[in-house]
Structure formats: structure tokens, C-alpha cells
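Below you'll find the structure, written out as C-alpha cells, and then a few comments.
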2 protein chains.
Amino acid sequence: MGRGTVTGDGTVGKALDVLDQVAGYGRPVRFATLLEESVYPKATLYRLLQTLTNQNMLAYDAEHQTYATGMRLVRLAHRAWTQSSLAPVARAHLDRLSAAVRHTVHLAQLDNAQVLYVDKRNAAQPVEMFSDAGKVGPAYCTGVGKAMLAFLPVAEREKAMAQQSFHRFTAQTYTSTAALSAELEAIRERGYAFDREEHEPGIICIAQPILTDNARMLGALSITGSTQDITLKELERLAPQLARTAAAIAMDAQDWRFPDMKLQRTGT
Amino acid sequence: MGRGTVTGDGTVGKALDVLDQVAGYGRPVRFATLLEESVYPKATLYRLLQTLTNQNMLAYDAEHQTYATGMRLVRLAHRAWTQSSLAPVARAHLDRLSAAVRHTVHLAQLDNAQVLYVDKRNAAQPVEMFSDAGKVGPAYCTGVGKAMLAFLPVAEREKAMAQQSFHRFTAQTYTSTAALSAELEAIRERGYAFDREEHEPGIICIAQPILTDNARMLGALSITGSTQDITLKELERLAPQLARTAAAIAMDAQDWRFPDMKLQRTGT
DNA sequence: TTTCGTTGTTCCAAATAATGGAACTTGGTT
DNA sequence: AACCAAGTTCCATTATTTGGAACAACGAAA
């Protein structure tokens with residue numbers, strides 16, 4: 001029974017580790033660089049890289065002697081994105097919301113107890129597909145994070161909360177499971193979450209979970225502003241609009257991803 | 001040594017196979033369904049699915065007993081897309097070109113001797129991110145495919161050509177290595193490729209390879225039309241514009257993905 | 001040209017993990 | 001209650017992975 005590593009899962013786990021590592025660089029990277037930071041011995045890392053390259057998950061550039069993400073991963077990327085991210089479904093809704101409220105809008109999902117931003121609208125700029133989307137952030141001190149945690153089934157919620165780092169970013173950050181639990185309870189009652197400068201000073205937001213009609217949590221949606229431009233009160237005034245958008249996204253997502261469930265609703 | 005399977009590479013290869021299979025469904029899928037079409041025995045498939053689920057590459061929905069792509073894959077997806085696809089870099093250029101020529105524009109890359117469409121503009125509709133992008137197609141009978149093959153280094157080209165199926169889609173399809181070789185030679189001389197209804201009757205296109213200044217082939221760009229709307233002659237008139245766009249994409253891509261090479265250009 | 005140093009690649013016996021047929025459990029149906 | 005299908009676990013066998021160390025390739029310095 002594995003002790004140290006969080007990863008495990010034999011060879012496949014290791015290979016995926018390496019894949020993550022290479023992808024994490026964001027640009028072509030040399031063997032030696034990877035080796036430095038790798039927990040795996042030279043020969044092992046070497047073979048893992050070879051395997052992944054064979055499989056087209058990585059691409060090896062012989063000229064520069066570098067590894068980068070491969071085309072097969074790009075192909076998978078498209079599939080995974082359309083299937084498991086709310087982004088394609090929510091796209092039009094985000095456009096509309098952002099145009100209406102004229103503030104930054106984020107769409108997030110939960111990735112292993114962390115927040116994964118899958119889409120974003122900047123209010124100022126026009127549509128920029130993959131700008132900040134794809135970034136990850138902490139769950140316990142962001143609006144979307146708390147909104148999602150709050151509406152997770154108990155078992156999963158407790159597992160997720162145990163994985164939070166509770167690093168104190170600002171004076172407002174909740175830094176204990178107890179404090180966060182109380183906050184989540186309040187969020188459940190209210191139906192939406194605030195970020196009161198808990199992650200970054202001067203940045204506040206209101207966040208709404210995206211829930212299916214059988215209370216399954218799909219993600220969260222938020223409107224963000226700086227304290228110079230807006231107050232929590234003003235943000236709260238946007239709550240109904242935010243809620244409507246979240247509901248619309250939930251409906252579309254449900255129709256799109258669980259088309260079979262329509263039968264249950266229609267039939268019987 | 002491996003004889004039958006194209007995949008190979010031990011457990012990792014198998015796991016990635018399964019990942020592809022699940023991703024290929026495009027929606028949540030049950031174990032039994034996967035088993036039916038799988039080459040792997042029950043227990044093996046089962047364990048592979050478990051591993052991938054543990055790793056968050058797949059997500060298991062206990063309620064519906066289905067597997068779907070997981071959040072970790074989505075995160076990787078984003079990374080791979082921004083890193084290895086030309087789409088983010090080419091985005092603005094595609095917008096401009098499509099607005100100017102008012103025809104369908106495709107951006108493609110080579111994925112294991114096949115064409116992978118990484119972005120598309122429909123001329124009629126506005127920007128629709130992931131519409132048809134992500135699809136794959138044959139290389140030997142499409143404009144972008146031939147343009148890319150033509151400018152591949154010999155060794156790689158021969159390897160890629162050996163992998164073509166040479167299925168005859170229309171009367172115009174090139175159906176042998178010899179015929180295709182001659183065509184590629186002509187493309188190299190001309191600098192761009194045509195699709196003369198080789199893949200689909202009534203569909204023609206002009207395609208331009210995207211090449212870095214040291215002749216490295218990054219992808220291809222095409223303008224497509226139906227024979228009812230446009231002739232090859234008319235498409236050819238757009239060649240300079242197409243070439244300019246391709247060159248611009250190449251420059252941006254080079255700056256973005258190989259920033260270190262700038263030193264070589266500046267220094268010395 | 002030779003030597004050294006760095007970086008990448010290969011070997012192989014030992015250690016470990018994957019395999020898959022079959023048995024078993026679970027939940028629903030006749 | 002008996003049956004059936006879908007999913008899960010077992011375990012001895014088999015095949016793969018492991019990683020220290022030796023080896024090649026290349027370039028830079030002597």
C-alpha cells in the first residue's frame with residue numbers, strides 16, 4: 001500500500017505524471033531539465049518520455065532536443081473540452097451575462113479539490129478564447145470555489161476540504177476547516193457565495209453554483225470586480241441575473257450531456 | 001518486434017487506448033459498452049478504467065454507472081491546445097482572412113499522418129469556437145493534407161505516405177503513392193495545393209502550408225468553397241492573401257513557441 | 001588532435017506490476 | 001425463489017518495469 005506519493009497507479013500513473021510535467025512547462029523542454037525536477041531515475045524518465053512520444057502524447061523535436069505536448073493530446077483536448085467542460089455549453093450565456101453586467105465573468109469547475117477556470121470574459125476586451133481559462137486556483141478562498149464546495153455532497157465535500165491548504169492570502173482568508181464550514185453553511189442558505197478579498201486584496205466577487213435539477217453540482221459562475229469599482233452591495237444586486245444565467249447553463253448542460261435523462265422527464 | 005497492434009507500449013499504451021475510446025464516445029459510456037468493443041479482457045479493461053479514474057483522467061459517475069473524460073484531462077487539454085496547436089496564435093489571423101475572403105477557412109495540423117483541423121471559420125456564422133475543429137480527416141486527398149505532406153522532410157513524408165489509405169472518394173482522388181508523389185512535387189513548385197474535388201464531390205479548395213523561416217512545416221491553412229459558388233481560378237486569385245496570412249501565422253508561432261530562437265536572429 | 005565534460009542512450013538481472021480465467025457479488029427481472 | 005446480467009474481486013502465472021552502471025555522441029577546451 002503506497003505510502004508517500006499521492007499518485008500511485010503503477011506505470012500509468014507515472015507516465016501521466018511526466019505528461020503533466022511536460023505540459024506544465026508551457027513550452028518545449030529538454031530531457032535534462034525534466035530530469036532535474038523529476039522524482040524518477042534517469043533511465044525510467046527516459047523510457048516514460050519515449051513511451052509518451054511513441055504514443056504521440058508528446059512530440060520530440062530532434063533539432064532542439066526538446067519535448068512538447070503532442071498532437072494526440074491536442075485531439076483528446078478537443079474531445080475532453082467539449083465533453084467535460086461547461087465552456088462550450090455556457091459560451092453564449094457568458095457572452096450575454098458579461099455584456100449585461102460589464103464586469104469580469106468567470107466560469108469554473110472543480111478539479112481534484114481545486115478550482116479550474118474553464119472560461120472567462122473580460123468585459124473590456126472582446127472574446128479571447130483561452131486567455132486565462134485553464135488556470136487553476138484554490139477553492140477555499142475564491143467565490144467560485146466556495147460556491148462549489150458548499151453544494152458538493154457531504155462525503156465529497158469533506159474529502160475536498162481535507163485537501164485545502166488554508167494558506168492565509170489576506171486578513172479575510174478563512175484558515176480553518178471549522179471557519180470554512182460555517183461559511184459554506186451560510187452560502188448554502190443564501191444560495192450564492194461572496195469573495196470578500198479573501199484571495200487577493202481589493203478583489204471581490206459574487207459566485208453562484210451551477211446545479212442540475214437533482215442538485216448535482218456542475219460548476220460555478222462569478223462576477224468579479226475591484227473594490228475601487230464596485231461594492232459587495234452592488235454585486236449582490238446582480239445576483240438574480242447571475243442566478244438566471246447559472247440556471248440556463250445548468251439546463252443546457254443537462255440536455256447536452258445527459259440526453260438520456262430526458263426520457264425520464266418526458267416518459268413514465 | 002510487435003506484430004499486430006499499432007499501439008504497443010505496454011500498459012501505458014493500453015491505458016491511452018482506453019482513454020481514446022472513452023473520449024471518442026463524446027458522452028458518458030457504460031462499462032459493458034466499452035467491453036463489447038474492446039480488445040482487452042474484462043478484468044484488464046476494468047483495471048485500466050479504474051486507474052484512469054483514479055488519475056482523474058476519467059470521471060466515473062456512480063449514479064449512472066458511466067465513464068466520461070475527467071477534469072485532469074480537461075486541464076491538460078487546455079495546456080496542450082495553447083502549446084501545440086496553432087489555433088490560439090492564428091485566431092486573429094483567421095478572423096481577418098475569413099472576413100476578407102468570405103469563404104470557409106480551415107486551419108489544420110498533422111496528427112500521425114492524418115489531418116487534424118484545429119480551427120475553422122464558417123464565413124456565414126460568427127466565431128464558433130469548437131464547432132468542427134477537432135475533427136480528423138485524410139491527408140492524401142485534402143488541400144491542407146497535401147500541402148502539409150508536400151513540405152514535410154523526406155523521411156517523415158515517406159513514413160506518412162505509407163500510412164495513407166488511398167481510398168477512392170471521388171474520380172479525382174489520387175489512389176497511389178506514385179500519383180500522390182507527383183502531385184506533391186507540383187505543390188512544392190507551386191507553393192500551394194488545390195483540392196480538386198478529391199475528397200468530396202463539389203468541394204474545392206486552395207491550401208497553403210505554414211512554414212517557419214527554416215522551412216519547418218507547422219500546419220496548413222485553406223480556403224474552401226463549393227463548385228457552385230466558386231471556381232479554382234477564383235480561388236487561386238486569393239493565393240497571395242492566403243500566403244500572407246500563412247506567413248503571418250508562421251511568424252507569430254515562431255515568436256511564441258521558440259522565443260529562444262530570436263537570440264539567433266538578433267545576435268551573432 | 002586529444003582530452004574532458006556534459007547530455008543522452010542502452011543493458012540486464014532483479015524486482016515488480018500486469019494479466020485474465022474463473023469465481024463471486026450485486027441488483028434487478030421473470 | 002430462481003434466474004440473469006452487469007460489475008467486481010482473486011491469485012498464480014507471465015510479462016514488464018526498474019535503475020545502477022556502463023556506454024555512446026557531441027561539443028568545448030586544452
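A note on labels: chains of the C-alpha cells are A, B, ... as shown, every chain counts residues from 1, and ligands are counted from 1 in their shown order.
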
All helix (DSSP H, G or I) positions in region 69-240 of chain B, as a VMD selection string: chain B and resid 71 to 84 87 to 101 143 to 150 154 to 162 177 to 190 232 to 237 239 to 240

Using only C-alpha atoms (C1' of nucleotides), which chain C residues lie at most 12 Å away from chain A, written as a PyMOL selection string? chain C and resi 6-11+16-18

Can you work out which one of A:Ala186, A:Cys205, A:Ala253, A:Leu76 has the shortest atom-to-atom distance to chain B, counting only C-alpha atoms?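 Closest to chain B, using only C-alpha atoms: A:Leu76.
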
Extract, using only C-alpha atoms (C1' of nucleotides), all DNA, RNA and protein residues at most 12 Å from DG21 (chain C), discarding same-chain residues fewer than 4 positions from it, and format them as a list in words. Pro41, Lys42, Ala43 and Thr44 of chain B; DC10, DC11, DA12 and DT13 of chain D

Keeping only C-alpha atoms (C1' of nucleotides), write the selected residues as a PDB file, in the first residue's frame.
ATOM      1  CA  PRO B  41     -10.426  -8.829 -21.474  1.00  0.00           C
ATOM      2  CA  LYS B  42     -12.946  -7.818 -18.860  1.00  0.00           C
ATOM      3  CA  ALA B  43     -10.644  -7.677 -15.862  1.00  0.00           C
ATOM      4  CA  THR B  44      -7.956  -5.791 -17.736  1.00  0.00           C
TER       5      THR B  44
ATOM      6  C1'  DC D  10      -8.937 -13.244  -6.691  1.00  0.00           C
ATOM      7  C1'  DC D  11      -4.479 -15.151  -7.481  1.00  0.00           C
ATOM      8  C1'  DA D  12      -0.930 -17.995  -9.580  1.00  0.00           C
ATOM      9  C1'  DT D  13       1.340 -17.139 -13.842  1.00  0.00           C
TER      10       DT D  13
END

Could you check how far CA of Thr53 (chain A) sits from CA of Arg72 (chain A), in Å to one decimal? 9.9 Å

Nearby residues (only C-alpha atoms (C1' of nucleotides)) at most 10 Å from Ser181 (chain B), same-chain spacing under 6 positions excluded, as a list in words: Tyr140, Lys146, Leu149, Ala150, Arg157, Glu158, Met161, Tyr174 and Ile187 of chain B

How about saving the chosen residues, N, CA and C atoms kept, as a PDB file, in the first residue's frame?
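Contents of the output file result-v6.pdb:
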ATOM      1  N   TYR B 140      -4.131  12.539 -47.808  1.00  0.00           N
ATOM      2  CA  TYR B 140      -3.761  12.400 -49.230  1.00  0.00           C
ATOM      3  C   TYR B 140      -4.791  13.002 -50.193  1.00  0.00           C
ATOM      4  N   LYS B 146      -2.416  17.639 -48.338  1.00  0.00           N
ATOM      5  CA  LYS B 146      -1.372  17.578 -49.365  1.00  0.00           C
ATOM      6  C   LYS B 146      -0.352  18.692 -49.157  1.00  0.00           C
ATOM      7  N   LEU B 149       1.902  17.461 -46.348  1.00  0.00           N
ATOM      8  CA  LEU B 149       2.757  16.352 -46.789  1.00  0.00           C
ATOM      9  C   LEU B 149       3.874  16.858 -47.694  1.00  0.00           C
ATOM     10  N   ALA B 150       3.512  17.743 -48.598  1.00  0.00           N
ATOM     11  CA  ALA B 150       4.479  18.220 -49.581  1.00  0.00           C
ATOM     12  C   ALA B 150       5.699  18.850 -48.925  1.00  0.00           C
ATOM     13  N   ARG B 157       7.952  12.323 -44.621  1.00  0.00           N
ATOM     14  CA  ARG B 157       6.946  12.284 -45.680  1.00  0.00           C
ATOM     15  C   ARG B 157       6.710  10.856 -46.128  1.00  0.00           C
ATOM     16  N   GLU B 158       7.801  10.138 -46.322  1.00  0.00           N
ATOM     17  CA  GLU B 158       7.648   8.762 -46.788  1.00  0.00           C
ATOM     18  C   GLU B 158       6.927   7.906 -45.756  1.00  0.00           C
ATOM     19  N   MET B 161       3.320   8.887 -45.965  1.00  0.00           N
ATOM     20  CA  MET B 161       2.643   8.405 -47.177  1.00  0.00           C
ATOM     21  C   MET B 161       2.330   6.920 -47.082  1.00  0.00           C
ATOM     22  N   TYR B 174      -6.387  10.866 -55.766  1.00  0.00           N
ATOM     23  CA  TYR B 174      -5.137  10.172 -56.087  1.00  0.00           C
ATOM     24  C   TYR B 174      -5.117   8.888 -55.288  1.00  0.00           C
ATOM     25  N   ILE B 187       3.068  20.604 -56.053  1.00  0.00           N
ATOM     26  CA  ILE B 187       2.693  21.520 -54.970  1.00  0.00           C
ATOM     27  C   ILE B 187       3.914  22.255 -54.441  1.00  0.00           C
TER      28      ILE B 187
END

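Restricting the calculation to only C-alpha atoms (C1' of nucleotides), the smallest distance between chain A and any of D:DC23, D:DT16, D:DA28, D:DA1 is found for D:DT16.
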
Considering only C-alpha atoms, state which residue in the set B:Arg79, B:Arg188, B:His199, B:Lys159 is at the smallest distance from chain A.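 Checking each candidate against chain A, we get B:Arg79 as the closest.
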
Can you pull out every residue within 12 Å of DA15 (chain C), counting only C-alpha atoms (C1' of nucleotides), but drop anything in the same chain fewer than 3 positions away, and send it as a list of chain:residue names?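 My list of contacting residues is D:DT16, D:DT17, D:DT18, D:DG19.
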
Just-selected residues, C-alpha atoms (C1' of nucleotides) written as a JSON list (two decimals), in the first residue's frame:
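Here's the written file out-v6.json:
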[["chain", "number", "residue", "atom", "x", "y", "z"],
["D", 16, "DT", "C1'", 7.00, -5.63, -17.97],
["D", 17, "DT", "C1'", 9.23, -2.26, -15.45],
["D", 18, "DT", "C1'", 13.14, -0.89, -12.85],
["D", 19, "DG", "C1'", 17.52, 1.64, -12.16]]

If you count only C-alpha atoms (C1' of nucleotides), which residues fall within 10 Å of DA29 (chain D), apart from same-chain ones fewer than 3 positions away, as a tab-separated table (two decimals) with C-alpha atoms (C1' of nucleotides), in the first residue's frame?
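Result file out33.tsv:
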chain	number	residue	atom	x	y	z
C	3	DT	C1'	41.04	15.33	-23.62
C	4	DC	C1'	37.44	16.36	-20.78
C	5	DG	C1'	32.62	17.21	-19.57

Could the residues of chain D within 10 Å of chain B, counting only C-alpha atoms (C1' of nucleotides), be given as an MDAnalysis selection string, please? chainID D and resid 6:9 15:17

Which chain B residues have any atom within 7 Å of an atom of chain A, and for each, what is the nearest pair of atoms with distance in Å to one decimal, counting only C-alpha atoms, rows sorted by chain and number, as JSON lines?
{"residue": "B:Asp9", "atom": "CA", "partner": "A:Thr51", "partner_atom": "CA", "distance": 6.1}
{"residue": "B:Thr11", "atom": "CA", "partner": "A:Val12", "partner_atom": "CA", "distance": 6.7}
{"residue": "B:Val12", "atom": "CA", "partner": "A:Val12", "partner_atom": "CA", "distance": 5.1}
{"residue": "B:Gly13", "atom": "CA", "partner": "A:Gln55", "partner_atom": "CA", "distance": 6.8}
{"residue": "B:Ala23", "atom": "CA", "partner": "A:Arg79", "partner_atom": "CA", "distance": 6.0}
{"residue": "B:Gly26", "atom": "CA", "partner": "A:Gln83", "partner_atom": "CA", "distance": 6.0}
{"residue": "B:Arg27", "atom": "CA", "partner": "A:Arg257", "partner_atom": "CA", "distance": 6.5}
{"residue": "B:Thr51", "atom": "CA", "partner": "A:Asp9", "partner_atom": "CA", "distance": 6.1}
{"residue": "B:Gln55", "atom": "CA", "partner": "A:Gly13", "partner_atom": "CA", "distance": 6.8}
{"residue": "B:Thr69", "atom": "CA", "partner": "A:Ala80", "partner_atom": "CA", "distance": 5.6}
{"residue": "B:Gly70", "atom": "CA", "partner": "A:Ser84", "partner_atom": "CA", "distance": 6.7}
{"residue": "B:Met71", "atom": "CA", "partner": "A:Asp111", "partner_atom": "CA", "distance": 5.4}
{"residue": "B:Arg72", "atom": "CA", "partner": "A:Asp111", "partner_atom": "CA", "distance": 6.7}
{"residue": "B:Leu73", "atom": "CA", "partner": "A:Ala80", "partner_atom": "CA", "distance": 6.4}
{"residue": "B:Val74", "atom": "CA", "partner": "A:Ala80", "partner_atom": "CA", "distance": 5.5}
{"residue": "B:Arg75", "atom": "CA", "partner": "A:Gly134", "partner_atom": "CA", "distance": 6.0}
{"residue": "B:Leu76", "atom": "CA", "partner": "A:Ala23", "partner_atom": "CA", "distance": 6.8}
{"residue": "B:Ala77", "atom": "CA", "partner": "A:Ala77", "partner_atom": "CA", "distance": 3.9}
{"residue": "B:His78", "atom": "CA", "partner": "A:Gly134", "partner_atom": "CA", "distance": 5.6}
{"residue": "B:Arg79", "atom": "CA", "partner": "A:Ala23", "partner_atom": "CA", "distance": 6.0}
{"residue": "B:Ala80", "atom": "CA", "partner": "A:Val74", "partner_atom": "CA", "distance": 5.5}
{"residue": "B:Trp81", "atom": "CA", "partner": "A:Val74", "partner_atom": "CA", "distance": 5.6}
{"residue": "B:Gln83", "atom": "CA", "partner": "A:Gly26", "partner_atom": "CA", "distance": 6.1}
{"residue": "B:Ser84", "atom": "CA", "partner": "A:Thr69", "partner_atom": "CA", "distance": 6.2}
{"residue": "B:Ser85", "atom": "CA", "partner": "A:Val74", "partner_atom": "CA", "distance": 6.9}
{"residue": "B:Asp111", "atom": "CA", "partner": "A:Met71", "partner_atom": "CA", "distance": 5.4}
{"residue": "B:Gly134", "atom": "CA", "partner": "A:His78", "partner_atom": "CA", "distance": 5.5}
{"residue": "B:Arg257", "atom": "CA", "partner": "A:Arg27", "partner_atom": "CA", "distance": 6.5}

Distance in Å - CA of Leu35 (chain B) versus C1' of DC4 (chain D): 18.4 Å

Interatomic distance (Å, one decimal) between CA of Phe194 (chain A) and CA of Ser165 (chain A): 19.5 Å

Run DSSP on the backbone and tell me which residues of region 81-219 of chain A come out as strand (DSSP E); list them as a PyMOL selection string. chain A and resi 104-111+114-121+136-137+193-196+203-211+217-219

What would the file look like if the residues just selected were written as a CSV table (one decimal), in the first residue's frame with C-alpha atoms?
chain,number,residue,atom,x,y,z
A,104,THR,CA,-15.3,40.2,-15.5
A,105,VAL,CA,-17.1,36.9,-15.5
A,106,HIS,CA,-15.6,33.5,-14.7
A,107,LEU,CA,-16.8,30.0,-15.3
A,108,ALA,CA,-15.2,27.4,-13.1
A,109,GLN,CA,-15.3,23.7,-12.3
A,110,LEU,CA,-13.8,21.6,-9.6
A,111,ASP,CA,-10.6,19.7,-10.4
A,114,GLN,CA,-9.0,22.8,-6.8
A,115,VAL,CA,-10.7,25.4,-8.9
A,116,LEU,CA,-10.3,25.1,-12.6
A,117,TYR,CA,-11.3,28.2,-14.6
A,118,VAL,CA,-12.7,26.9,-17.9
A,119,ASP,CA,-13.8,30.2,-19.4
A,120,LYS,CA,-13.7,33.9,-18.8
A,121,ARG,CA,-15.0,37.2,-20.1
A,136,VAL,CA,-6.2,26.7,-11.5
A,137,GLY,CA,-6.7,28.3,-8.2
A,193,ALA,CA,-21.1,33.0,-2.3
A,194,PHE,CA,-19.0,36.1,-1.9
A,195,ASP,CA,-15.3,36.6,-2.1
A,196,ARG,CA,-14.6,39.3,0.4
A,203,ILE,CA,-10.7,41.9,-5.4
A,204,ILE,CA,-14.3,40.9,-4.6
A,205,CYS,CA,-16.8,38.7,-6.3
A,206,ILE,CA,-20.2,37.1,-6.1
A,207,ALA,CA,-20.4,33.5,-7.2
A,208,GLN,CA,-23.3,31.2,-8.0
A,209,PRO,CA,-23.1,27.4,-8.2
A,210,ILE,CA,-24.5,25.7,-11.3
A,211,LEU,CA,-26.8,23.0,-10.2
A,217,MET,CA,-23.1,20.4,-8.7
A,218,LEU,CA,-21.6,21.1,-12.2
A,219,GLY,CA,-19.6,24.2,-11.6

Would you mind telling me which residue in A:Ser38, A:Thr177, A:Asn214, A:Gln172 lies nearest to Ala160 (chain A) when using only C-alpha atoms?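 Among the listed residues, A:Thr177 lies closest to Ala160 (chain A).
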